[in-house]
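Worksheet: one structure, shown below.
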Amino acid sequence: MAWRGHLSRSVKELRFLYCQTSPASLPAREFVHRNYKDLKTLNPKLPILIRETSGVEPQLWARYDMGVERYVRLEGLTEPQINKALEELVKAGGIF
């Protein structure tokens, strides 16, 4: 998972959106709880935003250069699948 240390080379901002109470958002909440510290330690200057909003479907957004944004819906994904989705968003930014 060396790519985790290179997030800030291709991604300018990460945003996690999820509901505080929804069962559909549980894997996203757990992913953030378990991985935020590691991601932030490896990428201290990268803004990682957590947006908890009632009733929203879980999503992961990445902002790249020139304001380009891409997102992945996280509903129904497990934590390993969320990790894979994050890796794909990083790769979409062109560092690999």
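Going through the structure tokens in order, the chains are called A, B, and so on, while each chain numbers its residues from 1 and the ligands are numbered from 1 in the order shown.
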(message) I'd like the neighbourhood of Val32 (chain A) as a ChimeraX atom specification, where a residue qualifies if any of its atoms comes within 9 Å (using only C-alpha atoms), though same-chain residues fewer than 5 positions away should be ignored.
(response) /A:16,27,37,50
(request) Tell me, as a PyMOL selection string, which residues lie within 12 Å of Leu26 (chain A), counting only C-alpha atoms; anything in the same chain fewer than 3 positions away does not count. (result) chain A and resi 17-23+29-33+52+57-59+74-79+82
Could you write out the selected residues, including N, CA, C and O atoms, as a PDB file, in the first residue's frame?
ATOM      1  N   LEU A  17     -18.234  11.597   2.513  1.00  0.00           N
ATOM      2  CA  LEU A  17     -19.585  11.999   2.877  1.00  0.00           C
ATOM      3  C   LEU A  17     -20.322  10.760   3.344  1.00  0.00           C
ATOM      4  O   LEU A  17     -20.296   9.730   2.654  1.00  0.00           O
ATOM      5  N   TYR A  18     -20.980  10.862   4.496  1.00  0.00           N
ATOM      6  CA  TYR A  18     -21.787   9.748   4.975  1.00  0.00           C
ATOM      7  C   TYR A  18     -22.749  10.218   6.053  1.00  0.00           C
ATOM      8  O   TYR A  18     -22.595  11.294   6.611  1.00  0.00           O
ATOM      9  N   CYS A  19     -23.722   9.366   6.317  1.00  0.00           N
ATOM     10  CA  CYS A  19     -24.729   9.626   7.354  1.00  0.00           C
ATOM     11  C   CYS A  19     -24.195   9.106   8.691  1.00  0.00           C
ATOM     12  O   CYS A  19     -23.581   8.039   8.741  1.00  0.00           O
ATOM     13  N   GLN A  20     -24.479   9.829   9.755  1.00  0.00           N
ATOM     14  CA  GLN A  20     -24.007   9.440  11.077  1.00  0.00           C
ATOM     15  C   GLN A  20     -24.685   8.180  11.610  1.00  0.00           C
ATOM     16  O   GLN A  20     -24.135   7.481  12.453  1.00  0.00           O
ATOM     17  N   THR A  21     -25.900   7.893  11.137  1.00  0.00           N
ATOM     18  CA  THR A  21     -26.676   6.800  11.731  1.00  0.00           C
ATOM     19  C   THR A  21     -27.085   5.713  10.750  1.00  0.00           C
ATOM     20  O   THR A  21     -27.494   4.633  11.174  1.00  0.00           O
ATOM     21  N   SER A  22     -26.995   5.953   9.476  1.00  0.00           N
ATOM     22  CA  SER A  22     -27.468   5.004   8.469  1.00  0.00           C
ATOM     23  C   SER A  22     -26.633   3.725   8.446  1.00  0.00           C
ATOM     24  O   SER A  22     -25.406   3.770   8.442  1.00  0.00           O
ATOM     25  N   PRO A  23     -27.302   2.553   8.396  1.00  0.00           N
ATOM     26  CA  PRO A  23     -26.563   1.296   8.259  1.00  0.00           C
ATOM     27  C   PRO A  23     -25.762   1.234   6.951  1.00  0.00           C
ATOM     28  O   PRO A  23     -24.705   0.613   6.904  1.00  0.00           O
ATOM     29  N   ARG A  29     -18.015   4.862   7.678  1.00  0.00           N
ATOM     30  CA  ARG A  29     -17.652   5.421   8.991  1.00  0.00           C
ATOM     31  C   ARG A  29     -16.505   4.626   9.604  1.00  0.00           C
ATOM     32  O   ARG A  29     -15.548   5.201  10.139  1.00  0.00           O
ATOM     33  N   GLU A  30     -16.582   3.312   9.530  1.00  0.00           N
ATOM     34  CA  GLU A  30     -15.535   2.469  10.099  1.00  0.00           C
ATOM     35  C   GLU A  30     -14.216   2.638   9.341  1.00  0.00           C
ATOM     36  O   GLU A  30     -13.151   2.651   9.952  1.00  0.00           O
ATOM     37  N   PHE A  31     -14.296   2.768   8.020  1.00  0.00           N
ATOM     38  CA  PHE A  31     -13.083   2.982   7.225  1.00  0.00           C
ATOM     39  C   PHE A  31     -12.387   4.260   7.675  1.00  0.00           C
ATOM     40  O   PHE A  31     -11.172   4.279   7.891  1.00  0.00           O
ATOM     41  N   VAL A  32     -13.149   5.333   7.804  1.00  0.00           N
ATOM     42  CA  VAL A  32     -12.566   6.607   8.227  1.00  0.00           C
ATOM     43  C   VAL A  32     -11.987   6.474   9.633  1.00  0.00           C
ATOM     44  O   VAL A  32     -10.867   6.920   9.900  1.00  0.00           O
ATOM     45  N   HIS A  33     -12.731   5.839  10.525  1.00  0.00           N
ATOM     46  CA  HIS A  33     -12.281   5.676  11.912  1.00  0.00           C
ATOM     47  C   HIS A  33     -10.955   4.910  11.977  1.00  0.00           C
ATOM     48  O   HIS A  33     -10.058   5.269  12.745  1.00  0.00           O
ATOM     49  N   GLU A  52     -20.419  14.641   7.672  1.00  0.00           N
ATOM     50  CA  GLU A  52     -21.500  13.809   8.191  1.00  0.00           C
ATOM     51  C   GLU A  52     -22.809  14.564   8.002  1.00  0.00           C
ATOM     52  O   GLU A  52     -22.995  15.635   8.572  1.00  0.00           O
ATOM     53  N   GLU A  57     -26.192   9.454   1.009  1.00  0.00           N
ATOM     54  CA  GLU A  57     -25.585   8.166   0.676  1.00  0.00           C
ATOM     55  C   GLU A  57     -24.074   8.310   0.794  1.00  0.00           C
ATOM     56  O   GLU A  57     -23.523   9.374   0.483  1.00  0.00           O
ATOM     57  N   PRO A  58     -23.375   7.276   1.263  1.00  0.00           N
ATOM     58  CA  PRO A  58     -21.929   7.390   1.458  1.00  0.00           C
ATOM     59  C   PRO A  58     -21.194   7.545   0.127  1.00  0.00           C
ATOM     60  O   PRO A  58     -21.474   6.834  -0.838  1.00  0.00           O
ATOM     61  N   GLN A  59     -20.280   8.498   0.109  1.00  0.00           N
ATOM     62  CA  GLN A  59     -19.516   8.806  -1.101  1.00  0.00           C
ATOM     63  C   GLN A  59     -18.085   9.182  -0.717  1.00  0.00           C
ATOM     64  O   GLN A  59     -17.831   9.670   0.378  1.00  0.00           O
ATOM     65  N   LEU A  74     -20.123   4.705  -2.094  1.00  0.00           N
ATOM     66  CA  LEU A  74     -19.607   3.697  -1.183  1.00  0.00           C
ATOM     67  C   LEU A  74     -20.678   2.775  -0.628  1.00  0.00           C
ATOM     68  O   LEU A  74     -20.362   1.820   0.082  1.00  0.00           O
ATOM     69  N   GLU A  75     -21.924   3.040  -0.963  1.00  0.00           N
ATOM     70  CA  GLU A  75     -23.021   2.224  -0.439  1.00  0.00           C
ATOM     71  C   GLU A  75     -22.864   0.780  -0.909  1.00  0.00           C
ATOM     72  O   GLU A  75     -22.658   0.505  -2.090  1.00  0.00           O
ATOM     73  N   GLY A  76     -22.923  -0.144   0.038  1.00  0.00           N
ATOM     74  CA  GLY A  76     -22.824  -1.564  -0.277  1.00  0.00           C
ATOM     75  C   GLY A  76     -21.399  -2.081  -0.366  1.00  0.00           C
ATOM     76  O   GLY A  76     -21.189  -3.270  -0.581  1.00  0.00           O
ATOM     77  N   LEU A  77     -20.410  -1.190  -0.207  1.00  0.00           N
ATOM     78  CA  LEU A  77     -19.017  -1.629  -0.265  1.00  0.00           C
ATOM     79  C   LEU A  77     -18.504  -1.986   1.129  1.00  0.00           C
ATOM     80  O   LEU A  77     -18.889  -1.380   2.117  1.00  0.00           O
ATOM     81  N   THR A  78     -17.604  -2.954   1.162  1.00  0.00           N
ATOM     82  CA  THR A  78     -16.941  -3.324   2.415  1.00  0.00           C
ATOM     83  C   THR A  78     -15.721  -2.419   2.594  1.00  0.00           C
ATOM     84  O   THR A  78     -15.328  -1.688   1.672  1.00  0.00           O
ATOM     85  N   GLU A  79     -15.087  -2.490   3.753  1.00  0.00           N
ATOM     86  CA  GLU A  79     -13.902  -1.665   3.988  1.00  0.00           C
ATOM     87  C   GLU A  79     -12.778  -1.948   2.982  1.00  0.00           C
ATOM     88  O   GLU A  79     -12.186  -1.006   2.458  1.00  0.00           O
ATOM     89  N   ILE A  82     -13.697  -0.225  -0.171  1.00  0.00           N
ATOM     90  CA  ILE A  82     -13.535   1.225  -0.046  1.00  0.00           C
ATOM     91  C   ILE A  82     -12.062   1.589  -0.229  1.00  0.00           C
ATOM     92  O   ILE A  82     -11.727   2.553  -0.908  1.00  0.00           O
TER      93      ILE A  82
END
(request) Return the single residue from A:Gly55, A:Pro80, A:Gly93, A:Pro44 that is closest to Val11 (chain A), with distances computed using only C-alpha atoms. (result)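 Going through A:Gly55, A:Pro80, A:Gly93, A:Pro44 one by one, the smallest distance to Val11 (chain A) is for A:Gly93.
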(request) Identify which of the residues A:Arg63, A:Arg4, A:Lys40, A:Arg73 lies closest to Ser25 (chain A), counting only C-alpha atoms when measuring atom-to-atom distances. (result)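 Of all the options, A:Arg73 lies closest to Ser25 (chain A).
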(request) Name the closest residue to Arg15 (chain A) among the candidates A:Arg34, A:Trp3, A:Arg70, A:Asp65; distances are taken between atoms, counting only C-alpha atoms. (result) A:Arg70
(message) As an exercise, work out the distance from CA of Gly67 (chain A) to CA of Ala24 (chain A) in Å and give it to one decimal place.
(response) 28.7 Å
(message) Need to verify the contact set: Glu13 (chain A), 8 Å, only C-alpha atoms, exclusion of same-chain residues closer than 2 positions in sequence. Can you return it as number ranges by chain?
(response) A: 8, 11, 15, 46-49, 62-64
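Of the residues under consideration (A:Leu14, A:Gly5, A:Gln81, A:Met66), A:Leu14 shows the shortest atom-to-atom contact distance to Arg51 (chain A) when counting only C-alpha atoms.
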(request) Quick one: pull the distance between CA of Leu89 (chain A) and CA of Tyr71 (chain A), Å, one decimal. (result)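 We find that CA of Leu89 (chain A) and CA of Tyr71 (chain A) lie 7.8 Å from each other.
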(message) Could you check the closest approach to Ala2 (chain A) for each of A:Ser54, A:Ala92, A:Asp38, A:Val68 and tell me which residue wins, using only C-alpha atoms?
(response)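 Among the listed residues, the smallest separation from Ala2 (chain A) belongs to A:Asp38.
Note that DSSP on the backbone gives strand (DSSP E) to these residues of chain A: Glu13, Leu14, Arg15, Phe16, Leu17, Tyr18, Ile48, Leu49, Ile50, Arg51, Glu52, Gln59, Leu60, Trp61, Ala62, Arg63, Glu69, Arg70, Tyr71, Val72 and Arg73 of chain A.
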(message) With DSSP run on the backbone, what are the helix (DSSP H, G or I) residues within chain A? I'd like them as an MDAnalysis selection string.
(response) chainID A and resid 2:10 23:42 65:67 79:92
Would you put the residues from that selection into a file with N, CA and C atoms, as a short mmCIF file (atom, residue, chain, number, x, y, z; two decimals), in the first residue's frame?
data_model
loop_
_atom_site.label_atom_id
_atom_site.label_comp_id
_atom_site.auth_asym_id
_atom_site.auth_seq_id
_atom_site.Cartn_x
_atom_site.Cartn_y
_atom_site.Cartn_z
N ALA A 2 1.93 1.22 -0.75
CA ALA A 2 2.81 2.39 -0.84
C ALA A 2 2.09 3.59 -1.44
N TRP A 3 1.07 3.34 -2.23
CA TRP A 3 0.33 4.45 -2.86
C TRP A 3 -0.28 5.38 -1.82
N ARG A 4 -0.54 4.88 -0.62
CA ARG A 4 -1.15 5.73 0.43
C ARG A 4 -0.25 6.91 0.80
N GLY A 5 1.04 6.72 0.70
CA GLY A 5 1.97 7.79 1.03
C GLY A 5 2.13 8.82 -0.07
N HIS A 6 1.52 8.59 -1.22
CA HIS A 6 1.66 9.48 -2.36
C HIS A 6 0.34 10.15 -2.75
N LEU A 7 -0.62 10.14 -1.86
CA LEU A 7 -1.93 10.74 -2.18
C LEU A 7 -1.79 12.20 -2.60
N SER A 8 -1.00 12.95 -1.86
CA SER A 8 -0.93 14.39 -2.11
C SER A 8 -0.20 14.73 -3.41
N ARG A 9 0.41 13.77 -4.07
CA ARG A 9 1.04 14.03 -5.36
C ARG A 9 0.02 14.17 -6.48
N SER A 10 -1.11 13.49 -6.35
CA SER A 10 -2.10 13.56 -7.42
C SER A 10 -3.44 14.12 -6.96
N PRO A 23 -27.30 2.55 8.40
CA PRO A 23 -26.56 1.30 8.26
C PRO A 23 -25.76 1.23 6.95
N ALA A 24 -26.24 1.89 5.90
CA ALA A 24 -25.53 1.91 4.62
C ALA A 24 -24.20 2.64 4.73
N SER A 25 -24.10 3.56 5.68
CA SER A 25 -22.87 4.34 5.85
C SER A 25 -21.90 3.73 6.85
N LEU A 26 -22.30 2.66 7.51
CA LEU A 26 -21.45 2.05 8.54
C LEU A 26 -20.06 1.68 8.04
N PRO A 27 -19.91 0.98 6.90
CA PRO A 27 -18.55 0.67 6.44
C PRO A 27 -17.71 1.92 6.16
N ALA A 28 -18.31 2.96 5.63
CA ALA A 28 -17.58 4.20 5.37
C ALA A 28 -17.13 4.84 6.69
N ARG A 29 -18.02 4.86 7.68
CA ARG A 29 -17.65 5.42 8.99
C ARG A 29 -16.51 4.63 9.60
N GLU A 30 -16.58 3.31 9.53
CA GLU A 30 -15.53 2.47 10.10
C GLU A 30 -14.22 2.64 9.34
N PHE A 31 -14.30 2.77 8.02
CA PHE A 31 -13.08 2.98 7.23
C PHE A 31 -12.39 4.26 7.68
N VAL A 32 -13.15 5.33 7.80
CA VAL A 32 -12.57 6.61 8.23
C VAL A 32 -11.99 6.47 9.63
N HIS A 33 -12.73 5.84 10.52
CA HIS A 33 -12.28 5.68 11.91
C HIS A 33 -10.95 4.91 11.98
N ARG A 34 -10.82 3.88 11.16
CA ARG A 34 -9.63 3.03 11.20
C ARG A 34 -8.46 3.55 10.37
N ASN A 35 -8.72 4.38 9.37
CA ASN A 35 -7.67 4.76 8.42
C ASN A 35 -7.30 6.24 8.40
N TYR A 36 -8.10 7.09 9.00
CA TYR A 36 -7.84 8.53 8.92
C TYR A 36 -6.44 8.89 9.44
N LYS A 37 -6.11 8.39 10.62
CA LYS A 37 -4.83 8.74 11.24
C LYS A 37 -3.66 8.34 10.34
N ASP A 38 -3.70 7.14 9.78
CA ASP A 38 -2.64 6.67 8.90
C ASP A 38 -2.54 7.53 7.64
N LEU A 39 -3.69 7.81 7.01
CA LEU A 39 -3.70 8.63 5.80
C LEU A 39 -3.17 10.03 6.07
N LYS A 40 -3.56 10.60 7.20
CA LYS A 40 -3.13 11.95 7.54
C LYS A 40 -1.65 11.99 7.92
N THR A 41 -1.18 10.96 8.60
CA THR A 41 0.24 10.89 8.96
C THR A 41 1.11 10.81 7.71
N LEU A 42 0.68 10.01 6.74
CA LEU A 42 1.44 9.85 5.50
C LEU A 42 1.32 11.04 4.56
N ASP A 65 -5.96 18.55 -9.74
CA ASP A 65 -5.58 19.84 -10.30
C ASP A 65 -6.69 20.42 -11.16
N MET A 66 -6.69 21.73 -11.27
CA MET A 66 -7.64 22.45 -12.11
C MET A 66 -9.10 22.26 -11.67
N GLY A 67 -9.32 21.86 -10.42
CA GLY A 67 -10.67 21.72 -9.90
C GLY A 67 -11.44 20.51 -10.37
N GLU A 79 -15.09 -2.49 3.75
CA GLU A 79 -13.90 -1.67 3.99
C GLU A 79 -12.78 -1.95 2.98
N PRO A 80 -12.46 -3.21 2.66
CA PRO A 80 -11.44 -3.46 1.64
C PRO A 80 -11.83 -2.89 0.27
N GLN A 81 -13.12 -2.94 -0.05
CA GLN A 81 -13.57 -2.38 -1.32
C GLN A 81 -13.46 -0.85 -1.32
N ILE A 82 -13.70 -0.22 -0.17
CA ILE A 82 -13.53 1.23 -0.05
C ILE A 82 -12.06 1.59 -0.23
N ASN A 83 -11.19 0.78 0.36
CA ASN A 83 -9.76 1.01 0.19
C ASN A 83 -9.36 0.91 -1.29
N LYS A 84 -9.91 -0.06 -1.99
CA LYS A 84 -9.64 -0.24 -3.42
C LYS A 84 -10.18 0.96 -4.21
N ALA A 85 -11.36 1.44 -3.84
CA ALA A 85 -11.95 2.61 -4.52
C ALA A 85 -11.06 3.83 -4.32
N LEU A 86 -10.52 4.00 -3.12
CA LEU A 86 -9.61 5.11 -2.86
C LEU A 86 -8.35 4.97 -3.71
N GLU A 87 -7.81 3.78 -3.79
CA GLU A 87 -6.62 3.54 -4.61
C GLU A 87 -6.90 3.89 -6.08
N GLU A 88 -8.06 3.52 -6.58
CA GLU A 88 -8.41 3.81 -7.97
C GLU A 88 -8.55 5.32 -8.21
N LEU A 89 -9.10 6.04 -7.22
CA LEU A 89 -9.19 7.49 -7.35
C LEU A 89 -7.80 8.12 -7.39
N VAL A 90 -6.88 7.59 -6.58
CA VAL A 90 -5.51 8.09 -6.59
C VAL A 90 -4.87 7.83 -7.95
N LYS A 91 -5.05 6.63 -8.46
CA LYS A 91 -4.47 6.29 -9.76
C LYS A 91 -5.09 7.14 -10.87
N ALA A 92 -6.33 7.50 -10.74
CA ALA A 92 -6.99 8.34 -11.74
C ALA A 92 -6.35 9.72 -11.81
#
